[in-house]
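Q: Provided herewith: query29.pdb, PDB, N, CA and C atoms.
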ATOM      1  N   MET A 456     179.782   3.689  13.341
ATOM      2  CA  MET A 456     178.541   4.238  13.861
ATOM      3  C   MET A 456     178.453   4.035  15.372
ATOM      4  N   LYS A 457     178.832   2.814  15.824
ATOM      5  CA  LYS A 457     178.778   2.536  17.251
ATOM      6  C   LYS A 457     179.743   3.432  18.008
ATOM      7  N   LEU A 458     180.900   3.756  17.389
ATOM      8  CA  LEU A 458     181.869   4.640  18.016
ATOM      9  C   LEU A 458     181.263   6.021  18.234
ATOM     10  N   ARG A 459     180.534   6.518  17.253
ATOM     11  CA  ARG A 459     179.898   7.831  17.397
ATOM     12  C   ARG A 459     178.865   7.823  18.516
ATOM     13  N   ILE A 460     178.090   6.766  18.606
ATOM     14  CA  ILE A 460     177.060   6.675  19.641
ATOM     15  C   ILE A 460     177.706   6.620  21.011
ATOM     16  N   LEU A 461     178.752   5.799  21.154
ATOM     17  CA  LEU A 461     179.446   5.692  22.437
ATOM     18  C   LEU A 461     180.089   7.019  22.811
ATOM     19  N   THR A 462     180.767   7.644  21.866
ATOM     20  CA  THR A 462     181.416   8.921  22.134
ATOM     21  C   THR A 462     180.386   9.971  22.523
ATOM     22  N   ALA A 463     179.273  10.020  21.809
ATOM     23  CA  ALA A 463     178.224  10.987  22.133
ATOM     24  C   ALA A 463     177.641  10.724  23.517
ATOM     25  N   ALA A 464     177.437   9.458  23.847
ATOM     26  CA  ALA A 464     176.879   9.112  25.161
ATOM     27  C   ALA A 464     177.812   9.528  26.286
ATOM     28  N   VAL A 465     179.109   9.298  26.096
ATOM     29  CA  VAL A 465     180.088   9.700  27.116
ATOM     30  C   VAL A 465     180.117  11.224  27.244
ATOM     31  N   ALA A 466     180.102  11.910  26.115
ATOM     32  CA  ALA A 466     180.125  13.375  26.136
ATOM     33  C   ALA A 466     178.889  13.944  26.823
ATOM     34  N   ILE A 467     177.751  13.380  26.532
ATOM     35  CA  ILE A 467     176.508  13.852  27.151
ATOM     36  C   ILE A 467     176.525  13.596  28.645
ATOM     37  N   ALA A 468     176.970  12.415  29.039
ATOM     38  CA  ALA A 468     177.031  12.089  30.471
ATOM     39  C   ALA A 468     177.980  13.035  31.195
ATOM     40  N   PHE A 469     179.129  13.304  30.581
ATOM     41  CA  PHE A 469     180.086  14.204  31.210
ATOM     42  C   PHE A 469     179.532  15.626  31.275
ATOM     43  N   ALA A 470     178.976  16.093  30.177
ATOM     44  CA  ALA A 470     178.437  17.448  30.143
ATOM     45  C   ALA A 470     177.346  17.618  31.195
ATOM     46  N   ALA A 471     176.513  16.623  31.342
ATOM     47  CA  ALA A 471     175.435  16.691  32.330
ATOM     48  C   ALA A 471     175.986  16.756  33.751
ATOM     49  N   SER A 472     177.120  16.097  33.993
ATOM     50  CA  SER A 472     177.670  16.094  35.350
ATOM     51  C   SER A 472     178.469  17.353  35.663
ATOM     52  N   CYS A 473     178.961  18.054  34.631
ATOM     53  CA  CYS A 473     179.820  19.210  34.854
ATOM     54  C   CYS A 473     179.108  20.553  34.718
ATOM     55  N   LEU A 474     178.050  20.591  33.993
ATOM     56  CA  LEU A 474     177.346  21.839  33.769
ATOM     57  C   LEU A 474     176.374  22.101  34.910
ATOM     58  N   PRO A 475     175.986  23.342  35.092
ATOM     59  CA  PRO A 475     174.992  23.624  36.116
ATOM     60  C   PRO A 475     173.743  22.768  35.917
ATOM     61  N   ALA A 476     173.049  22.474  36.988
ATOM     62  CA  ALA A 476     171.902  21.568  36.958
ATOM     63  C   ALA A 476     170.852  21.980  35.939
ATOM     64  N   LYS A 477     170.657  23.269  35.724
ATOM     65  CA  LYS A 477     169.622  23.703  34.797
ATOM     66  C   LYS A 477     170.045  23.581  33.329
ATOM     67  N   ALA A 478     171.348  23.432  33.044
ATOM     68  CA  ALA A 478     171.817  23.316  31.667
ATOM     69  C   ALA A 478     171.550  21.902  31.154
ATOM     70  N   GLN A 479     170.928  21.813  29.985
ATOM     71  CA  GLN A 479     170.592  20.522  29.401
ATOM     72  C   GLN A 479     171.378  20.241  28.125
ATOM     73  N   VAL A 480     171.918  21.263  27.502
ATOM     74  CA  VAL A 480     172.571  21.110  26.206
ATOM     75  C   VAL A 480     173.878  21.903  26.208
ATOM     76  N   ALA A 481     174.927  21.298  25.663
ATOM     77  CA  ALA A 481     176.197  22.000  25.473
ATOM     78  C   ALA A 481     176.364  22.247  23.982
ATOM     79  N   ASP A 482     176.207  23.470  23.553
ATOM     80  CA  ASP A 482     176.333  23.833  22.142
ATOM     81  C   ASP A 482     177.777  24.247  21.891
ATOM     82  N   LEU A 483     178.568  23.337  21.320
ATOM     83  CA  LEU A 483     179.984  23.622  21.111
ATOM     84  C   LEU A 483     180.209  24.726  20.088
ATOM     85  N   SER A 484     179.224  25.014  19.245
ATOM     86  CA  SER A 484     179.372  26.119  18.296
ATOM     87  C   SER A 484     179.246  27.465  18.999
ATOM     88  N   LYS A 485     178.779  27.433  20.255
ATOM     89  CA  LYS A 485     178.650  28.670  21.037
ATOM     90  C   LYS A 485     179.547  28.653  22.274
ATOM     91  N   THR A 486     180.354  27.600  22.406
ATOM     92  CA  THR A 486     181.291  27.493  23.522
ATOM     93  C   THR A 486     182.630  28.031  23.061
ATOM     94  N   SER A 487     183.150  29.017  23.765
ATOM     95  CA  SER A 487     184.415  29.624  23.358
ATOM     96  C   SER A 487     185.596  28.724  23.716
ATOM     97  N   CYS A 488     186.682  28.951  23.039
ATOM     98  CA  CYS A 488     187.909  28.219  23.353
ATOM     99  C   CYS A 488     188.329  28.492  24.796
ATOM    100  N   LYS A 489     188.113  29.706  25.255
ATOM    101  CA  LYS A 489     188.463  30.058  26.633
ATOM    102  C   LYS A 489     187.665  29.193  27.618
ATOM    103  N   GLU A 490     186.377  29.029  27.358
ATOM    104  CA  GLU A 490     185.537  28.175  28.207
ATOM    105  C   GLU A 490     185.996  26.720  28.130
ATOM    106  N   PHE A 491     186.310  26.282  26.920
ATOM    107  CA  PHE A 491     186.784  24.922  26.708
ATOM    108  C   PHE A 491     188.066  24.666  27.501
ATOM    109  N   LEU A 492     189.042  25.561  27.371
ATOM    110  CA  LEU A 492     190.309  25.379  28.075
ATOM    111  C   LEU A 492     190.137  25.452  29.582
ATOM    112  N   GLY A 493     189.101  26.154  30.037
ATOM    113  CA  GLY A 493     188.826  26.266  31.463
ATOM    114  C   GLY A 493     187.981  25.131  32.018
ATOM    115  N   SER A 494     187.621  24.168  31.181
ATOM    116  CA  SER A 494     186.726  23.093  31.624
ATOM    117  C   SER A 494     187.442  21.970  32.371
ATOM    118  N   GLY A 495     188.741  22.085  32.524
ATOM    119  CA  GLY A 495     189.496  21.065  33.247
ATOM    120  C   GLY A 495     189.916  19.921  32.346
ATOM    121  N   LYS A 496     190.836  19.113  32.850
ATOM    122  CA  LYS A 496     191.403  18.018  32.061
ATOM    123  C   LYS A 496     190.329  17.058  31.558
ATOM    124  N   GLU A 497     189.405  16.673  32.428
ATOM    125  CA  GLU A 497     188.360  15.726  32.013
ATOM    126  C   GLU A 497     187.449  16.328  30.962
ATOM    127  N   GLY A 498     187.071  17.587  31.129
ATOM    128  CA  GLY A 498     186.216  18.253  30.148
ATOM    129  C   GLY A 498     186.884  18.351  28.791
ATOM    130  N   ILE A 499     188.168  18.684  28.806
ATOM    131  CA  ILE A 499     188.924  18.784  27.558
ATOM    132  C   ILE A 499     188.996  17.427  26.865
ATOM    133  N   MET A 500     189.279  16.377  27.631
ATOM    134  CA  MET A 500     189.373  15.039  27.041
ATOM    135  C   MET A 500     188.043  14.574  26.453
ATOM    136  N   ILE A 501     186.950  14.898  27.109
ATOM    137  CA  ILE A 501     185.631  14.507  26.588
ATOM    138  C   ILE A 501     185.360  15.214  25.261
ATOM    139  N   VAL A 502     185.674  16.493  25.187
ATOM    140  CA  VAL A 502     185.448  17.233  23.947
ATOM    141  C   VAL A 502     186.361  16.680  22.852
ATOM    142  N   TRP A 503     187.607  16.381  23.188
ATOM    143  CA  TRP A 503     188.510  15.780  22.199
ATOM    144  C   TRP A 503     187.902  14.505  21.648
ATOM    145  N   ALA A 504     187.424  13.635  22.533
ATOM    146  CA  ALA A 504     186.845  12.357  22.109
ATOM    147  C   ALA A 504     185.588  12.570  21.278
ATOM    148  N   TRP A 505     184.769  13.514  21.683
ATOM    149  CA  TRP A 505     183.535  13.788  20.942
ATOM    150  C   TRP A 505     183.877  14.269  19.530
ATOM    151  N   LEU A 506     184.827  15.194  19.418
ATOM    152  CA  LEU A 506     185.214  15.708  18.104
ATOM    153  C   LEU A 506     185.820  14.603  17.238
ATOM    154  N   TYR A 507     186.617  13.750  17.837
ATOM    155  CA  TYR A 507     187.219  12.628  17.112
ATOM    156  C   TYR A 507     186.119  11.752  16.500
ATOM    157  N   GLY A 508     185.105  11.448  17.267
ATOM    158  CA  GLY A 508     183.983  10.657  16.764
ATOM    159  C   GLY A 508     183.118  11.423  15.781
ATOM    160  N   TYR A 509     182.882  12.693  16.058
ATOM    161  CA  TYR A 509     182.032  13.531  15.207
ATOM    162  C   TYR A 509     182.609  13.640  13.789
ATOM    163  N   TYR A 510     183.922  13.771  13.701
ATOM    164  CA  TYR A 510     184.555  13.929  12.394
ATOM    165  C   TYR A 510     184.976  12.606  11.757
ATOM    166  N   ALA A 511     184.713  11.479  12.401
ATOM    167  CA  ALA A 511     185.044  10.170  11.826
ATOM    168  C   ALA A 511     184.087   9.864  10.675
ATOM    169  N   ASP A 512     184.558   9.072   9.728
ATOM    170  CA  ASP A 512     183.694   8.625   8.632
ATOM    171  C   ASP A 512     182.558   7.785   9.197
ATOM    172  N   ASN A 513     181.381   7.898   8.577
ATOM    173  CA  ASN A 513     180.233   7.092   9.020
ATOM    174  C   ASN A 513     180.498   5.603   8.940
ATOM    175  N   ASP A 514     181.280   5.179   7.972
ATOM    176  CA  ASP A 514     181.533   3.756   7.796
ATOM    177  C   ASP A 514     182.903   3.325   8.337
ATOM    178  N   ALA A 515     183.499   4.151   9.187
ATOM    179  CA  ALA A 515     184.808   3.824   9.761
ATOM    180  C   ALA A 515     184.697   2.628  10.707
ATOM    181  N   ASP A 516     185.760   1.868  10.777
ATOM    182  CA  ASP A 516     185.816   0.759  11.725
ATOM    183  C   ASP A 516     185.783   1.320  13.143
ATOM    184  N   PRO A 517     185.277   0.545  14.092
ATOM    185  CA  PRO A 517     185.175   1.019  15.480
ATOM    186  C   PRO A 517     186.526   0.968  16.196
ATOM    187  N   ILE A 518     187.463   1.773  15.708
ATOM    188  CA  ILE A 518     188.823   1.802  16.243
ATOM    189  C   ILE A 518     189.133   3.218  16.702
ATOM    190  N   ILE A 519     189.721   3.323  17.880
ATOM    191  CA  ILE A 519     190.165   4.617  18.375
ATOM    192  C   ILE A 519     191.681   4.647  18.287
ATOM    193  N   ASP A 520     192.209   5.598  17.545
ATOM    194  CA  ASP A 520     193.649   5.808  17.446
ATOM    195  C   ASP A 520     193.994   6.870  18.495
ATOM    196  N   PHE A 521     194.444   6.425  19.663
ATOM    197  CA  PHE A 521     194.685   7.347  20.761
ATOM    198  C   PHE A 521     195.798   8.345  20.454
ATOM    199  N   GLY A 522     196.765   7.929  19.636
ATOM    200  CA  GLY A 522     197.814   8.860  19.217
ATOM    201  C   GLY A 522     197.240   9.999  18.392
ATOM    202  N   LYS A 523     196.373   9.651  17.438
ATOM    203  CA  LYS A 523     195.734  10.667  16.590
ATOM    204  C   LYS A 523     194.808  11.545  17.422
ATOM    205  N   LEU A 524     194.041  10.925  18.319
ATOM    206  CA  LEU A 524     193.124  11.679  19.177
ATOM    207  C   LEU A 524     193.901  12.708  19.990
ATOM    208  N   THR A 525     195.028  12.295  20.567
ATOM    209  CA  THR A 525     195.844  13.189  21.384
ATOM    210  C   THR A 525     196.500  14.278  20.546
ATOM    211  N   THR A 526     197.033  13.896  19.388
ATOM    212  CA  THR A 526     197.680  14.881  18.508
ATOM    213  C   THR A 526     196.690  15.955  18.065
ATOM    214  N   GLN A 527     195.508  15.525  17.618
ATOM    215  CA  GLN A 527     194.495  16.490  17.185
ATOM    216  C   GLN A 527     194.045  17.343  18.373
ATOM    217  N   GLY A 528     193.891  16.724  19.517
ATOM    218  CA  GLY A 528     193.475  17.456  20.700
ATOM    219  C   GLY A 528     194.488  18.506  21.110
ATOM    220  N   GLN A 529     195.770  18.168  21.030
ATOM    221  CA  GLN A 529     196.809  19.134  21.364
ATOM    222  C   GLN A 529     196.833  20.289  20.361
ATOM    223  N   GLN A 530     196.585  19.966  19.092
ATOM    224  CA  GLN A 530     196.508  21.015  18.075
ATOM    225  C   GLN A 530     195.335  21.952  18.372
ATOM    226  N   LEU A 531     194.207  21.375  18.802
ATOM    227  CA  LEU A 531     193.045  22.190  19.155
ATOM    228  C   LEU A 531     193.360  23.087  20.351
ATOM    229  N   ALA A 532     194.015  22.536  21.350
ATOM    230  CA  ALA A 532     194.377  23.339  22.527
ATOM    231  C   ALA A 532     195.277  24.507  22.134
ATOM    232  N   GLU A 533     196.231  24.269  21.256
ATOM    233  CA  GLU A 533     197.121  25.341  20.798
ATOM    234  C   GLU A 533     196.340  26.396  20.005
ATOM    235  N   ALA A 534     195.445  25.950  19.134
ATOM    236  CA  ALA A 534     194.621  26.892  18.361
ATOM    237  C   ALA A 534     193.752  27.725  19.297
ATOM    238  N   CYS A 535     193.230  27.088  20.336
ATOM    239  CA  CYS A 535     192.376  27.801  21.288
ATOM    240  C   CYS A 535     193.167  28.786  22.140
ATOM    241  N   LYS A 536     194.387  28.438  22.483
ATOM    242  CA  LYS A 536     195.238  29.375  23.241
ATOM    243  C   LYS A 536     195.538  30.612  22.405
ATOM    244  N   ALA A 537     195.711  30.402  21.100
ATOM    245  CA  ALA A 537     196.018  31.515  20.200
ATOM    246  C   ALA A 537     194.817  32.425  19.974
ATOM    247  N   LYS A 538     193.607  31.846  19.971
ATOM    248  CA  LYS A 538     192.384  32.617  19.713
ATOM    249  C   LYS A 538     191.300  32.189  20.704
ATOM    250  N   PRO A 539     191.388  32.639  21.961
ATOM    251  CA  PRO A 539     190.467  32.164  22.999
ATOM    252  C   PRO A 539     188.998  32.525  22.801
ATOM    253  N   GLU A 540     188.695  33.500  21.982
ATOM    254  CA  GLU A 540     187.297  33.894  21.781
ATOM    255  C   GLU A 540     186.615  33.110  20.662
ATOM    256  N   THR A 541     187.382  32.316  19.912
ATOM    257  CA  THR A 541     186.826  31.496  18.838
ATOM    258  C   THR A 541     185.979  30.378  19.435
ATOM    259  N   ASP A 542     184.909  29.985  18.734
ATOM    260  CA  ASP A 542     184.114  28.856  19.230
ATOM    261  C   ASP A 542     184.830  27.546  18.893
ATOM    262  N   ILE A 543     184.536  26.512  19.662
ATOM    263  CA  ILE A 543     185.221  25.226  19.544
ATOM    264  C   ILE A 543     185.087  24.623  18.143
ATOM    265  N   ILE A 544     183.904  24.647  17.577
ATOM    266  CA  ILE A 544     183.691  24.029  16.267
ATOM    267  C   ILE A 544     184.509  24.733  15.190
ATOM    268  N   SER A 545     184.542  26.054  15.209
ATOM    269  CA  SER A 545     185.349  26.794  14.229
ATOM    270  C   SER A 545     186.830  26.479  14.384
ATOM    271  N   ALA A 546     187.290  26.365  15.616
ATOM    272  CA  ALA A 546     188.697  26.040  15.861
ATOM    273  C   ALA A 546     189.010  24.604  15.458
ATOM    274  N   ALA A 547     188.060  23.702  15.659
ATOM    275  CA  ALA A 547     188.290  22.273  15.416
ATOM    276  C   ALA A 547     188.213  21.897  13.935
ATOM    277  N   LYS A 548     187.387  22.585  13.181
ATOM    278  CA  LYS A 548     187.104  22.183  11.799
ATOM    279  C   LYS A 548     188.375  21.954  10.957
ATOM    280  N   PRO A 549     189.321  22.889  10.920
ATOM    281  CA  PRO A 549     190.505  22.643  10.074
ATOM    282  C   PRO A 549     191.414  21.532  10.622
ATOM    283  N   ILE A 550     191.283  21.225  11.884
ATOM    284  CA  ILE A 550     192.126  20.191  12.504
ATOM    285  C   ILE A 550     191.540  18.805  12.297
ATOM    286  N   TYR A 551     190.239  18.672  12.476
ATOM    287  CA  TYR A 551     189.602  17.354  12.482
ATOM    288  C   TYR A 551     189.042  16.918  11.124
ATOM    289  N   GLU A 552     188.710  17.865  10.241
ATOM    290  CA  GLU A 552     188.161  17.484   8.949
ATOM    291  C   GLU A 552     189.244  16.851   8.094
ATOM    292  N   LYS A 553     188.855  15.832   7.339
ATOM    293  CA  LYS A 553     189.807  15.204   6.417
ATOM    294  C   LYS A 553     190.113  16.174   5.281
ATOM    295  N   LYS A 554     191.343  16.169   4.900
ATOM    296  CA  LYS A 554     191.778  17.088   3.831
ATOM    297  C   LYS A 554     191.946  16.343   2.545
TER     298      LYS A 554
END
For this file, write the structure as structure tokens.

A:
Amino acid sequence: MKLRILTAAVAIAFAASCLPAKAQVADLSKTSCKEFLGSGKEGIMIVWAWLYGYYADNDADPIIDFGKLTTQGQQLAEACKAKPETDIISAAKPIYEKK
């Protein structure tokens, strides 16, 4: 739970610093893969971390597996390159959800 809160706080702080001043919310279900890939290295890493926390089990230990985070993130980047008009959540769901 603490991991989700920390990840969300970092994502919100980053989004607030990168988005135009009037933007208050980043809706990843409406953010295209093209926009995501164009957000720069830091923006991409924040979204990767947010998704990693978002899809973690509620009762998971507060451990970050950086290898898994990177592998899933690279898979997301490849999926987004293949379908740039897809929204981030739709692209991420098959990668991050437990099977």

Q: Between atom CA of Thr526 of chain A and atom CA of Ala481 of chain A, what is the distance in Å, rounded to a tenth?

A: 23.7 Å

Q: What separation in Å, quoted to one decimal, exists between atom CA of Ile550 of chain A and atom C of Leu492 of chain A?

A: 18.0 Å

Q: Give me the residues near Ser484 of chain A as a PyMOL selection string, where near means some atom within 8 Å (using all atoms listed in the file) and where sequence neighbours in that chain fewer than 2 positions away do not count.

A: chain A and resi 481-482+486-487+541-545

Q: Between A:Gly522, A:Glu490, A:Val480, A:Gln527, single out the one closest to Trp503 of chain A, counting only C-alpha atoms.

A: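 Using only C-alpha atoms, the shortest distance to Trp503 of chain A belongs to A:Gln527.
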
Q: Of the candidates A:Phe491, A:Gly528, A:Leu483, A:Pro517, which one gets nearest to Ala504 of chain A if we count only C-alpha atoms?

A: A:Gly528
